[in-house]
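Reviewing the structure listed below.
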There are 2 protein chains.
Amino acid sequence: MNHEFDAIRTLFQQRVPFKQSFTSIANGDDASVHCIPQGMELVISTDAAVAGIHWPLDTPLHIAGARAVHASLSDLAAMGAKPAWIWLSVLAENNDALIAMSHGIVESCLTHHIELAGGDTVRSPNNAINVTVGGLVPKGSAMTRTSAQQGDEVWLLGDLGLSTAGLKQWQSGDINGKFVPHFQTIQPLYPQGITLREMGIQSCLDISDGLLQDANHLCHGSDLGFSIELTNIQSLDSYQQLLPHFGAEESLNMVLAGGEDYALLFTANPSLHNQLEVLGAHKLGHCIKGHHVQLTHDDQVIDYDVKGFDHFA
Amino acid sequence: MNHEFDAIRTLFQQRVPFKQSFTSIANGDDASVHCIPQGMELVISTDAAVAGIHWPLDTPLHIAGARAVHASLSDLAAMGAKPAWIWLSVLAENNDALIAMSHGIVESCLTHHIELAGGDTVRSPNNAINVTVGGLVPKGSAMTRTSAQQGDEVWLLGDLGLSTAGLKQWQSGDINGKFVPHFQTIQPLYPQGITLREMGIQSCLDISDGLLQDANHLCHGSDLGFSIELTNIQSLDSYQQLLPHFGAEESLNMVLAGGEDYALLFTANPSLHNQLEVLGAHKLGHCIKGHHVQLTHDDQVIDYDVKGFDHFA
């Protein structure tokens with residue numbers, strides 16, 4: 001009778017049967033209802049991904065579906081929250097597109113044990129996916145952009161530039177290029193985000209628009225500056241991977257300005273230095289007075305033209 | 001530097017400064033963080049509205065913006081929840097479209113005292129708006145689609161068919177037509193939804209796709225049927241308003257199958273009959289055995305061809 005409802009049931013609800021114990025009314029009503037456990041806070045973020053903007057039009061749509069879910073999970077990683085639910089809107093050009101996107105979305109929910117708590121499928125002239133993600137964090141412990149402190153060191157956990165390199169390879173027709181999987185598959189680092197929060201880290205964000213651009217958001221939020229040392233950037237595993245393929249200049253630009261790797265950028269008291277190295281985090285620099293990111297090379301300030309991703313530039 | 005962030009700040013954040021007391025971390029971080037008050041449950045719904053699908057392409061975009069917010073608020077009305085937050089994604093063809101949509105969205109947030117808790121603006125080949133809305137309800141009291149009982153009467157609160165009539169006038173060029181405001185302006189009936197919940201109503205939904213189609217969702221959810229009496233439909237104020245403009249047959253079809261009026265359909269114990277009449281609700285019929293809606297005329301079952309709105313028909 002109503003194909004929209006049948007599609008939601010067969011493509012999504014039946015394939016993601018998992019429910020959180022603290023969900024009172026699940027997917028299928030006008031809204032979902034959730035009882036937040038004592039001592040916990042609710043963490044929510046929403047993000048849209050649009051065909052032709054956030055993914056090349058020739059990207060398989062199941063990949064686009066998974067990317068959309070994982071990009072939203074990354075926002076929870078940045079807060080140190082444990083993912084619990086997504087509420088989904090799938091804007092699909094046609095039924096085939098809806099089905100293809102559903103495959104990636106469903107697989108991601110199952111992989112990360114996330115409840116599909118609500119959703120909507122609508123026809124659209126252009127494929128797009130909106131994911132609202134909800135998670136939980138112990139009261140008062142969420143990491144923020146406003147909590148970096150003078151004296152903190154600046155750290156990175158995760159890759160930089162590999163997604164941009166993969167996109168470049170894909171767009172140049174090198175569809176089996178070494179870095180293509182880094183563009184196609186986002187690894188949301190929420191287990192790492194939870195670990196950082198539990199270690200006492202207070203300031204963190206995920207890098208979606210490029211290291212330098214997003215680092216400035218942490219600086220502005222916390223009313224301080226960052227000094228980042230180029231030799232630390234050049235010793236990153238990401239840079240070393242890129243170097244033989246793209247040369248020094250382009251590799252550096254990819255690492256400093258490339259978006260969509262969803263690495264975590266955070267600041268930490270120097271007393272945590274050794275623990276963070278054990279975790280696989282990389283120290284990039286330290287907090288300074290000011291409001292921006294400065295790059296240094298052997299401690300001398302250098303000029304660098306920042307380019308990040310900007311939808312409405 | 002980053003126009004996207006400037007746009008979010010100037011078009012949205014600065015114009016909706018209101019924060020709920022139980023919001024711990026507000027709009028501007030990777031996610032928002034909320035402490036749900038003791039004894040309350042969180043109610044969440046998400047909906048997308050797409051240009052050319054959910055609104056005609058010649059609709060002013062501030063109207064589209066307000067409609068998107070109000071349609072989502074209507075889902076909270078159906079649950080009997082009090083609106084608290086929205087998380088927003090605006091997919092805009094260009095800056096002018098973004099600005100126009102923002103006007104309607106901001107005005108709606110201010111009117112209904114809703115916190116804009118998070119959001120995203122992205123470029124898109126096609127304008128669209130996704131609104132995730134969050135509200136609160138006392139634990140265990142949310143109205144649902146699964147709680148209608150044998151013995152209950154079936155009731156309506158709100159208009160039917162007027163939005164469809166307005167859309168028809170608009171599309172035929174009668175842009176000042178009597179019913180156009182009913183299409184352009186959605187009245188989310190959440191104060192009424194809260195009143196119904198407080199009266200002890202347990203089963204409710206909002207009618208977005210047409211009375212008969214949505215009534216079937218209540219029937220399926222509650223494993224019973226509805227018997228709706230045509231003379232009750234014909235005595236509705238909506239039907240009486242439509243009759244002189246569209247004649248008996250088309251008016252009836254608009255009332256039974258027209259979508260987007262966002263009236264509340266609910267069932268109630270007969271003991272609440274008088275209270276509900278005082279509220280301005282209209283009795284349509286009663287619950288019966290079965291799984292579907294049947295129409296009667298002077299208590300004789302009649303055939304009626306159901307047509308509702310279906311995105312993927």
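Order determines the names: the first chain of the structure tokens is A, the second B, and so forth; residues in each chain are numbered 1 upward, and ligands are numbered 1 upward as they are shown.
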Could you write out, as a list in words, all the residues of region 135-179 of chain B that DSSP marks as strand (DSSP E)?
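These are the residues in question: Gly135, Leu136, Val137, Pro138, Glu153, Val154, Trp155, Leu156 and Leu157 of chain B.
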As an NGL selection string, please: every residue in region 53-109 of chain B that a backbone DSSP assignment puts in alpha helix (DSSP H).
:B and (61-79 or 95-109)
Can I get the residues of region 70-105 of chain A within 9 Å of region 28-50 of chain A, each with the closest pair of atoms and their distance in Å to one decimal, using only C-alpha atoms, sorted chain first then ascending number, as a tab-separated table?
```
residue	atom	partner	partner_atom	distance
A:Ala71	CA	A:Asp47	CA	8.0
A:Ser72	CA	A:Asp47	CA	6.3
A:Leu73	CA	A:Ser45	CA	8.7
A:Asp75	CA	A:Ser45	CA	6.7
A:Leu76	CA	A:Val43	CA	7.2
A:Met79	CA	A:Val43	CA	8.0
A:Ala81	CA	A:Val43	CA	6.9
A:Lys82	CA	A:Val43	CA	8.8
A:Pro83	CA	A:Val43	CA	8.7
```
Which residues, written as a ChimeraX atom specification, have at least one atom at most 9 Å from Tyr262 (chain B), with only C-alpha atoms counted and residues fewer than 5 positions away on the same chain left out?
/B:71,74-75,158-160,186-189,206-209
Keeping C-alpha atoms for every residue in the selection just given, could you write it to a file as an mmCIF file, in the first residue's frame?
```
data_model
loop_
_atom_site.group_PDB
_atom_site.id
_atom_site.type_symbol
_atom_site.label_atom_id
_atom_site.label_comp_id
_atom_site.auth_asym_id
_atom_site.auth_seq_id
_atom_site.Cartn_x
_atom_site.Cartn_y
_atom_site.Cartn_z
ATOM 1 C CA ALA B 71 6.610 19.443 10.122
ATOM 2 C CA SER B 74 4.404 17.919 14.502
ATOM 3 C CA ASP B 75 6.073 14.544 15.160
ATOM 4 C CA GLY B 158 -7.025 19.904 13.527
ATOM 5 C CA ASP B 159 -7.762 20.491 9.860
ATOM 6 C CA LEU B 160 -7.889 18.032 6.969
ATOM 7 C CA ILE B 186 2.066 24.427 9.090
ATOM 8 C CA GLN B 187 0.658 24.759 12.605
ATOM 9 C CA PRO B 188 2.446 22.166 14.737
ATOM 10 C CA LEU B 189 -0.112 21.081 17.323
ATOM 11 C CA ASP B 206 0.007 13.211 13.137
ATOM 12 C CA ILE B 207 -1.548 13.066 9.682
ATOM 13 C CA SER B 208 1.080 13.926 7.093
ATOM 14 C CA ASP B 209 0.132 11.574 4.255
#
```
Would you mind telling me which residue in B:His182, B:Ile114, B:Leu218, B:Val106 lies nearest to chain A when using only C-alpha atoms?
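Nearest candidate to chain A out of B:His182, B:Ile114, B:Leu218, B:Val106: B:Leu218.
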Of the listed residues A:Gly65, A:Pro17, A:Gly134, A:Gly104, that which approaches chain B most closely, counting only C-alpha atoms
A:Gly134
Enumerate, in order of chain and increasing residue number, the residues of region 224-290 of chain B with an atom no farther than 12 Å from region 137-145 of chain B, each with its shortest atom pair and distance in Å to one decimal, counting only C-alpha atoms, as a Markdown table.
```
| residue | atom | partner | partner_atom | distance |
| --- | --- | --- | --- | --- |
| B:Leu224 | CA | B:Arg145 | CA | 11.2 |
| B:Leu264 | CA | B:Met143 | CA | 11.2 |
| B:Leu265 | CA | B:Arg145 | CA | 10.0 |
| B:Phe266 | CA | B:Arg145 | CA | 8.8 |
| B:Thr267 | CA | B:Arg145 | CA | 9.9 |
| B:Ala268 | CA | B:Met143 | CA | 11.4 |
```
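The gap separating CA of Val255 (chain B) from CA of Phe226 (chain B) is 16.6 Å, in Å to one decimal.
We find CA of Ile105 (chain B) and CA of Ala66 (chain B) to be spaced 5.0 Å apart.
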Nearest to chain A, chosen from B:Val133, B:Leu252, B:Leu157, B:Leu196, with only C-alpha atoms counted in the distances:
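So, comparing all the options, the nearest one is B:Val133.
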So what do you get for CA of His286 (chain B) versus CA of Arg9 (chain A), distance-wise?
27.9 Å
